[in-house]
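Read through the structure below, which is laid out as structure tokens, and then see the notes.
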Amino acid sequence: MRHAVILVALLALSCGSVNDRGACSTSSDCPSGQYCARSADGNVCWADAVAPVVSSVVASCSTTPCQRDGVLRVEAAISDDKELAGVEVALDLDDGTRKVALARAGALWVADLSLRDWPFEAFSRAVVASVVARDGARNETSGAAAAMEMTRLRWVYDAGVPMSAPAVMTDGTVVVGSATTTEQLLAIGATGLKAWSRTVGNAFITATPSVAETAIWAASSDGRLYPATHEGIPVGSGCPTGEALHGGIAQIR
């Protein structure tokens, strides 16, 4: 019996008691490796060596494909046996320098990331969102979502014939010439849909149209320079140049 009493005393001495712990109001008052535990005798700093568990990280984009100025939503399922203090997400676009806090939303932690806030030194590339979960004792666990392909490509338009290089209007409309004898002047809106097409002359337009302040100018291989309004309405019969035009048009102001 005497040995049992001594053993219990030694265990109590090694474990300590609530009264031996430092008082706290939040876990930030405690040293690393401890969190602020709520007890009947008050809030005390208590050891916690168990890190949070990150069971899943999922990334989805507001656009398909994921565009450079889209919104990336990151959702993470995370748990902790004591106190989950916070969750942050970073993207590998800047080597994880910029970090954004996730907010609890029901059973998940969620953040919406505006991709325009990150540098993007590529036309398209895979992007990885990494999450770090931290508990009150500063234990950390990380996890990453599957890579998302991100691109600057806005849309693709197939005219069915070769097109010139584009000229871009202030509202984002793209104007091109096409290798056909009718409807050679073609405008494609900022959403990738055809805005209008017009017939100017009777030959191919292979040169890039020029968008001036009050008109669009198209150089034709029939040897004439054709003006049109910004809405694509031809103005007059064009100006003769004496030879087929295949190069771009320079504006002098």
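Quick note on naming: the chains in the structure tokens go A, B, ... in the order shown, residues restart at 1 in each chain, and ligands are numbered from 1 in order of appearance.
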- Excluding Ser27 (chain A) and any residue of its chain fewer than 3 positions from it, enumerate the residues within 7 Å of it, using only C-alpha atoms, and give them as a ChimeraX atom specification. /A:30,35-36,136-137
- Message: Could you list, as a PyMOL selection string, every residue within 7 Å of region 217-223 of chain A, counting only C-alpha atoms and ignoring same-chain residues fewer than 6 positions away?
- Response: chain A and resi 202-205+207+209-211+240-246
May I have the residues from that selection written out with N, CA and C atoms, as an mmCIF file, in the first residue's frame?
data_model
loop_
_atom_site.group_PDB
_atom_site.id
_atom_site.type_symbol
_atom_site.label_atom_id
_atom_site.label_comp_id
_atom_site.auth_asym_id
_atom_site.auth_seq_id
_atom_site.Cartn_x
_atom_site.Cartn_y
_atom_site.Cartn_z
ATOM 1 N N ASN A 202 -14.040 44.081 -103.332
ATOM 2 C CA ASN A 202 -14.326 42.739 -103.826
ATOM 3 C C ASN A 202 -13.107 41.815 -103.754
ATOM 4 N N ALA A 203 -12.167 42.136 -102.857
ATOM 5 C CA ALA A 203 -10.939 41.339 -102.760
ATOM 6 C C ALA A 203 -10.601 41.079 -101.291
ATOM 7 N N PHE A 204 -9.577 40.251 -101.103
ATOM 8 C CA PHE A 204 -9.162 39.896 -99.743
ATOM 9 C C PHE A 204 -8.663 41.128 -98.989
ATOM 10 N N ILE A 205 -8.879 41.105 -97.659
ATOM 11 C CA ILE A 205 -8.232 42.078 -96.768
ATOM 12 C C ILE A 205 -7.326 41.276 -95.844
ATOM 13 N N ALA A 207 -4.361 42.803 -94.545
ATOM 14 C CA ALA A 207 -3.654 43.738 -93.672
ATOM 15 C C ALA A 207 -4.484 44.025 -92.424
ATOM 16 N N PRO A 209 -6.588 46.025 -90.008
ATOM 17 C CA PRO A 209 -7.327 47.290 -90.098
ATOM 18 C C PRO A 209 -6.764 48.309 -89.110
ATOM 19 N N SER A 210 -7.009 49.562 -89.382
ATOM 20 C CA SER A 210 -6.568 50.634 -88.500
ATOM 21 C C SER A 210 -7.791 51.323 -87.903
ATOM 22 N N VAL A 211 -7.844 51.408 -86.580
ATOM 23 C CA VAL A 211 -8.968 52.053 -85.893
ATOM 24 C C VAL A 211 -8.557 53.483 -85.557
ATOM 25 N N PRO A 240 -8.311 55.088 -104.063
ATOM 26 C CA PRO A 240 -7.413 54.240 -104.851
ATOM 27 C C PRO A 240 -5.956 54.447 -104.435
ATOM 28 N N THR A 241 -5.177 53.392 -104.424
ATOM 29 C CA THR A 241 -3.755 53.471 -104.064
ATOM 30 C C THR A 241 -2.853 53.049 -105.220
ATOM 31 N N GLY A 242 -3.431 52.455 -106.248
ATOM 32 C CA GLY A 242 -2.657 52.077 -107.407
ATOM 33 C C GLY A 242 -2.049 50.696 -107.346
ATOM 34 N N GLU A 243 -2.100 50.059 -106.199
ATOM 35 C CA GLU A 243 -1.555 48.709 -106.077
ATOM 36 C C GLU A 243 -2.226 47.980 -104.913
ATOM 37 N N ALA A 244 -2.117 46.662 -104.921
ATOM 38 C CA ALA A 244 -2.708 45.855 -103.843
ATOM 39 C C ALA A 244 -2.025 46.177 -102.519
ATOM 40 N N LEU A 245 -2.814 46.253 -101.442
ATOM 41 C CA LEU A 245 -2.293 46.580 -100.114
ATOM 42 C C LEU A 245 -2.345 45.338 -99.229
ATOM 43 N N HIS A 246 -1.201 45.012 -98.660
ATOM 44 C CA HIS A 246 -1.139 43.831 -97.795
ATOM 45 C C HIS A 246 -0.570 44.153 -96.408
#
- Check the DSSP output for the backbone and give back, as a list of chain:residue names, the residues of region 5-200 of chain A in helix (DSSP H, G or I).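 These are the residues in question: A:Val5, A:Ile6, A:Leu7, A:Val8, A:Ala9, A:Leu10, A:Leu11, A:Ala12, A:Leu13, A:Ser14, A:Cys15, A:Val18, A:Asn19, A:Asp20, A:Ser27, A:Ser28, A:Asp29, A:Asp92, A:Leu93, A:Asp94, A:Leu115, A:Arg116, A:Asp117.
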Restricted to N, CA and C atoms, what would the selected residues look like written as a PDB file, in the first residue's frame?
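Saved the output as part.pdb:
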ATOM      1  N   VAL A   5       0.884   4.555  -2.729  1.00  0.00           N
ATOM      2  CA  VAL A   5       0.724   5.963  -2.358  1.00  0.00           C
ATOM      3  C   VAL A   5       1.866   6.793  -2.916  1.00  0.00           C
ATOM      4  N   ILE A   6       3.068   6.264  -2.849  1.00  0.00           N
ATOM      5  CA  ILE A   6       4.231   6.990  -3.376  1.00  0.00           C
ATOM      6  C   ILE A   6       4.120   7.163  -4.888  1.00  0.00           C
ATOM      7  N   LEU A   7       3.640   6.095  -5.584  1.00  0.00           N
ATOM      8  CA  LEU A   7       3.498   6.153  -7.033  1.00  0.00           C
ATOM      9  C   LEU A   7       2.493   7.225  -7.444  1.00  0.00           C
ATOM     10  N   VAL A   8       1.349   7.273  -6.763  1.00  0.00           N
ATOM     11  CA  VAL A   8       0.342   8.295  -7.055  1.00  0.00           C
ATOM     12  C   VAL A   8       0.904   9.684  -6.814  1.00  0.00           C
ATOM     13  N   ALA A   9       1.665   9.859  -5.777  1.00  0.00           N
ATOM     14  CA  ALA A   9       2.248  11.159  -5.457  1.00  0.00           C
ATOM     15  C   ALA A   9       3.227  11.591  -6.543  1.00  0.00           C
ATOM     16  N   LEU A  10       4.020  10.629  -7.024  1.00  0.00           N
ATOM     17  CA  LEU A  10       4.978  10.945  -8.078  1.00  0.00           C
ATOM     18  C   LEU A  10       4.274  11.332  -9.376  1.00  0.00           C
ATOM     19  N   LEU A  11       3.191  10.618  -9.724  1.00  0.00           N
ATOM     20  CA  LEU A  11       2.429  10.945 -10.919  1.00  0.00           C
ATOM     21  C   LEU A  11       1.828  12.339 -10.829  1.00  0.00           C
ATOM     22  N   ALA A  12       1.279  12.663  -9.681  1.00  0.00           N
ATOM     23  CA  ALA A  12       0.687  13.988  -9.488  1.00  0.00           C
ATOM     24  C   ALA A  12       1.736  15.075  -9.608  1.00  0.00           C
ATOM     25  N   LEU A  13       2.948  14.786  -9.080  1.00  0.00           N
ATOM     26  CA  LEU A  13       4.018  15.767  -9.138  1.00  0.00           C
ATOM     27  C   LEU A  13       4.490  15.996 -10.574  1.00  0.00           C
ATOM     28  N   SER A  14       4.561  14.890 -11.361  1.00  0.00           N
ATOM     29  CA  SER A  14       5.031  15.009 -12.740  1.00  0.00           C
ATOM     30  C   SER A  14       3.995  15.680 -13.627  1.00  0.00           C
ATOM     31  N   CYS A  15       2.696  15.436 -13.401  1.00  0.00           N
ATOM     32  CA  CYS A  15       1.650  16.033 -14.233  1.00  0.00           C
ATOM     33  C   CYS A  15       1.364  17.469 -13.852  1.00  0.00           C
ATOM     34  N   VAL A  18      -3.714  22.386 -12.088  1.00  0.00           N
ATOM     35  CA  VAL A  18      -4.193  23.607 -12.708  1.00  0.00           C
ATOM     36  C   VAL A  18      -3.542  24.821 -12.072  1.00  0.00           C
ATOM     37  N   ASN A  19      -3.363  24.773 -10.781  1.00  0.00           N
ATOM     38  CA  ASN A  19      -2.786  25.913 -10.075  1.00  0.00           C
ATOM     39  C   ASN A  19      -1.341  26.189 -10.466  1.00  0.00           C
ATOM     40  N   ASP A  20      -0.654  25.158 -11.067  1.00  0.00           N
ATOM     41  CA  ASP A  20       0.737  25.339 -11.485  1.00  0.00           C
ATOM     42  C   ASP A  20       0.840  25.998 -12.855  1.00  0.00           C
ATOM     43  N   SER A  27      -5.071  32.235 -26.264  1.00  0.00           N
ATOM     44  CA  SER A  27      -3.912  31.370 -26.476  1.00  0.00           C
ATOM     45  C   SER A  27      -2.650  32.156 -26.804  1.00  0.00           C
ATOM     46  N   SER A  28      -2.807  33.375 -27.303  1.00  0.00           N
ATOM     47  CA  SER A  28      -1.628  34.188 -27.603  1.00  0.00           C
ATOM     48  C   SER A  28      -0.887  34.600 -26.331  1.00  0.00           C
ATOM     49  N   ASP A  29      -1.531  34.481 -25.170  1.00  0.00           N
ATOM     50  CA  ASP A  29      -0.871  34.778 -23.895  1.00  0.00           C
ATOM     51  C   ASP A  29       0.047  33.646 -23.456  1.00  0.00           C
ATOM     52  N   ASP A  92       1.110  29.739 -55.513  1.00  0.00           N
ATOM     53  CA  ASP A  92       2.516  29.655 -55.926  1.00  0.00           C
ATOM     54  C   ASP A  92       2.863  30.666 -57.020  1.00  0.00           C
ATOM     55  N   LEU A  93       1.958  31.614 -57.304  1.00  0.00           N
ATOM     56  CA  LEU A  93       2.239  32.654 -58.285  1.00  0.00           C
ATOM     57  C   LEU A  93       3.298  33.631 -57.793  1.00  0.00           C
ATOM     58  N   ASP A  94       3.419  33.791 -56.483  1.00  0.00           N
ATOM     59  CA  ASP A  94       4.446  34.682 -55.916  1.00  0.00           C
ATOM     60  C   ASP A  94       5.263  33.945 -54.861  1.00  0.00           C
ATOM     61  N   LEU A 115      -7.886  36.741 -58.547  1.00  0.00           N
ATOM     62  CA  LEU A 115      -6.606  36.391 -59.154  1.00  0.00           C
ATOM     63  C   LEU A 115      -5.868  37.599 -59.714  1.00  0.00           C
ATOM     64  N   ARG A 116      -6.572  38.682 -60.020  1.00  0.00           N
ATOM     65  CA  ARG A 116      -5.903  39.872 -60.537  1.00  0.00           C
ATOM     66  C   ARG A 116      -4.962  40.489 -59.493  1.00  0.00           C
ATOM     67  N   ASP A 117      -5.095  40.094 -58.214  1.00  0.00           N
ATOM     68  CA  ASP A 117      -4.238  40.632 -57.161  1.00  0.00           C
ATOM     69  C   ASP A 117      -2.864  39.957 -57.118  1.00  0.00           C
TER      70      ASP A 117
END
- Query: Looking only at the backbone, which of the residues in region 26-121 of chain A does DSSP tag as strand (DSSP E), as a ChimeraX atom specification?
  - Reply: /A:34-39,42-47,53-61,66-67,71-79,84-91,99-101,103-105,108-114
- Message: Under the rule that only C-alpha atoms are counted, which of A:Gly86, A:Gly201, A:Pro65, A:Gly177 is the nearest residue to Trp155 (chain A)?
- Response: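 Result for the nearest residue to Trp155 (chain A): A:Pro65.
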- Gly238 (chain A) environment, 8 Å, only C-alpha atoms, sequence neighbours closer than 4 positions dropped, as a list of chain:residue names: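 The residues that qualify are A:Arg224, A:Leu225, A:Tyr226, A:Pro227.
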Limited to N, CA, C and O atoms, could you put the picked residues into a file as a JSON list (two decimals), in the first residue's frame?
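Produced file again_14.json, reproduced below:
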[["chain", "number", "residue", "atom", "x", "y", "z"],
["A", 224, "ARG", "N", -7.43, 49.50, -103.04],
["A", 224, "ARG", "CA", -8.16, 50.64, -102.50],
["A", 224, "ARG", "C", -8.11, 50.59, -100.97],
["A", 224, "ARG", "O", -7.95, 49.53, -100.36],
["A", 225, "LEU", "N", -8.24, 51.76, -100.37],
["A", 225, "LEU", "CA", -8.28, 51.92, -98.92],
["A", 225, "LEU", "C", -9.70, 52.30, -98.55],
["A", 225, "LEU", "O", -10.21, 53.35, -98.99],
["A", 226, "TYR", "N", -10.37, 51.45, -97.77],
["A", 226, "TYR", "CA", -11.81, 51.64, -97.49],
["A", 226, "TYR", "C", -12.04, 52.12, -96.06],
["A", 226, "TYR", "O", -11.57, 51.50, -95.10],
["A", 227, "PRO", "N", -12.82, 53.21, -95.89],
["A", 227, "PRO", "CA", -13.20, 53.65, -94.55],
["A", 227, "PRO", "C", -14.57, 53.10, -94.16],
["A", 227, "PRO", "O", -15.42, 52.85, -95.01]]
- Task: Tell me which protein, DNA and RNA residues are within 12 Å of Glu140 (chain A), counting only C-alpha atoms, leaving out same-chain ones fewer than 6 positions away, and put them as a ChimeraX atom specification.
- Result: /A:32-33,48-54,78-80,83-88,131-134
- Item | Between CA of Asn139 (chain A) and CA of Asp112 (chain A) - distance in Å to one decimal |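 Distance reported for this atom pair: 24.9 Å.
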- Using only C-alpha atoms, find the one residue out of A:Ala146, A:Ala47, A:Leu91, A:Ala76 that sits nearest to Pro119 (chain A).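 Nearest to Pro119 (chain A): A:Leu91.
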- Query: Nearest to Phe120 (chain A): which of A:Val174, A:Ala77, A:Met150, A:Val156 is it, counting only C-alpha atoms?
  - Reply: A:Met150
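Going from CA of Thr180 (chain A) over to CA of Asp158 (chain A), you cover 13.9 Å.
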